[in-house]
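Below: one structure, written as structure tokens.
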Amino acid sequence: MLLEPGRGHSRLDRLGPDALEADGEALFRASRKRRVPVKGFLLDQAVLAGVGNIYADEALFRAGIRPGRGAARLRRGEWDSLALEIRRVLQRAIETGGSSISDYVSPDGRDGSYQDERRVYARQGEACYVCGSSIRRRVIAQRSSHYCPACQS
Ligand SMILES: [Zn+2]
């Protein structure tokens, strides 16, 4: 743990209630006129506070959505899936250890025990656990994005 005595959970504080309570309907509405990739949209802290790069990639993988898709093109049902996976990924990150909440803390992707649960993040060139395809990496919204070309569309 990197927390100093008396400092409380300052990193947890950055996880606004928005991210842990990500709502498909709200995200759907907020994304309609945005001309940005869904990955960039998720990283916009004004949209959803607390979703770091790692967790955005992991939630997108679990929801089967490619990070480069336009946010405005996602269907309502896809936002529901994505919101659910964001909540799950963040909840899991909290459960597996406090040093892993934000990739701001560990830009190299070393994020405590959560790194054992990564399915795509920093796994470029490795085999997808679901289908065996090679995980790809692409820069989107100035951030590394990792995805499976077969499982995500
Ligand atoms: Zn796959």
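Residues are referred to by chain and number: the chain letter is A, B, ... according to the order shown in the structure tokens, the number counts from 1 in that chain, and ligands are numbered separately from 1 in the order shown.
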Margin query: Using only C-alpha atoms and all ligand atoms, which residues of the polymer chains come no farther than 6 Å from ligand 1? I'd like the answer as an NGL selection string.
Written below: :A and (128 or 130-133 or 148 or 150-151)
Output for the residues just chosen: all heavy atoms as a JSON list (two decimals), in the first residue's frame:
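Result written to result12.json:
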[["chain", "number", "residue", "atom", "x", "y", "z"],
["A", 128, "CYS", "N", -5.43, -14.03, -26.98],
["A", 128, "CYS", "CA", -6.67, -13.74, -26.26],
["A", 128, "CYS", "C", -7.09, -14.98, -25.47],
["A", 128, "CYS", "O", -7.07, -16.09, -26.00],
["A", 128, "CYS", "CB", -7.77, -13.37, -27.26],
["A", 128, "CYS", "SG", -9.41, -13.18, -26.51],
["A", 130, "VAL", "N", -9.95, -15.80, -24.59],
["A", 130, "VAL", "CA", -11.24, -16.31, -25.04],
["A", 130, "VAL", "C", -11.12, -17.04, -26.38],
["A", 130, "VAL", "O", -11.62, -18.15, -26.53],
["A", 130, "VAL", "CB", -12.28, -15.17, -25.15],
["A", 130, "VAL", "CG1", -13.58, -15.68, -25.74],
["A", 130, "VAL", "CG2", -12.50, -14.55, -23.77],
["A", 131, "CYS", "N", -10.44, -16.41, -27.34],
["A", 131, "CYS", "CA", -10.45, -16.97, -28.71],
["A", 131, "CYS", "C", -9.08, -17.30, -29.27],
["A", 131, "CYS", "O", -8.98, -17.89, -30.34],
["A", 131, "CYS", "CB", -11.19, -16.01, -29.64],
["A", 131, "CYS", "SG", -10.20, -14.54, -30.05],
["A", 132, "GLY", "N", -8.02, -16.89, -28.60],
["A", 132, "GLY", "CA", -6.68, -17.21, -29.09],
["A", 132, "GLY", "C", -6.09, -16.22, -30.07],
["A", 132, "GLY", "O", -4.93, -16.32, -30.44],
["A", 133, "SER", "N", -6.89, -15.26, -30.51],
["A", 133, "SER", "CA", -6.36, -14.24, -31.43],
["A", 133, "SER", "C", -5.28, -13.41, -30.74],
["A", 133, "SER", "O", -5.24, -13.32, -29.52],
["A", 133, "SER", "CB", -7.49, -13.30, -31.89],
["A", 133, "SER", "OG", -8.48, -14.00, -32.59],
["A", 148, "CYS", "N", -9.00, -7.19, -28.47],
["A", 148, "CYS", "CA", -8.98, -8.41, -29.27],
["A", 148, "CYS", "C", -9.75, -8.13, -30.55],
["A", 148, "CYS", "O", -10.93, -7.75, -30.49],
["A", 148, "CYS", "CB", -9.62, -9.57, -28.51],
["A", 148, "CYS", "SG", -9.79, -11.04, -29.59],
["A", 150, "ALA", "N", -11.01, -10.07, -32.61],
["A", 150, "ALA", "CA", -12.09, -11.02, -32.87],
["A", 150, "ALA", "C", -13.24, -10.87, -31.87],
["A", 150, "ALA", "O", -14.40, -10.92, -32.23],
["A", 150, "ALA", "CB", -11.56, -12.44, -32.84],
["A", 151, "CYS", "N", -12.91, -10.69, -30.60],
["A", 151, "CYS", "CA", -13.95, -10.62, -29.57],
["A", 151, "CYS", "C", -14.63, -9.26, -29.50],
["A", 151, "CYS", "O", -15.72, -9.15, -28.94],
["A", 151, "CYS", "CB", -13.36, -10.94, -28.20],
["A", 151, "CYS", "SG", -12.83, -12.65, -28.01]]
Next item on the list: With a distance cut-off of 8 Å and only C-alpha atoms, select the neighbouring residues of region 55-71 of chain A, excluding the residue or stretch itself and same-chain residues fewer than 3 positions from it, and output the selection as a count of residues only.
Entry: 34
Next item on the list: Rank A:Arg92, A:Arg87, A:Arg136, A:Arg143 by their smallest atom-to-atom distance to Asp23 (chain A), using only C-alpha atoms, and report the top residue only.
Entry: A:Arg87
Note to self: Need to verify the contact set: Ala26 (chain A), 12 Å, only C-alpha atoms, exclusion of same-chain residues closer than 5 positions in sequence. Can you return it as a list in words?
What the structure shows: Asp18, Ala19, Glu21, Ser31, Arg32, Val47, Leu48, Arg76, Trp79, Asp80, Leu82 and Ala83 of chain A
Item checked: alpha helix (DSSP H) per DSSP on the backbone: members of region 15-149 of chain A, as a PyMOL selection string -> chain A and resi 17-20+24-31+38-43+53-63+76-95
Notebook entry, point to check: Can you tell me how far CA of Gln124 (chain A) sits from CA of Ala49 (chain A), in Å to one decimal?
Noted result: 26.5 Å
Check: Between CA of Ile54 (chain A) and CA of Glu126 (chain A), what is the spacing in Å?
Finding: 16.4 Å
Check: When you draw a straight line from CA of Arg75 (chain A) to CA of Phe28 (chain A), how long is it in Å?
Finding: 7.5 Å
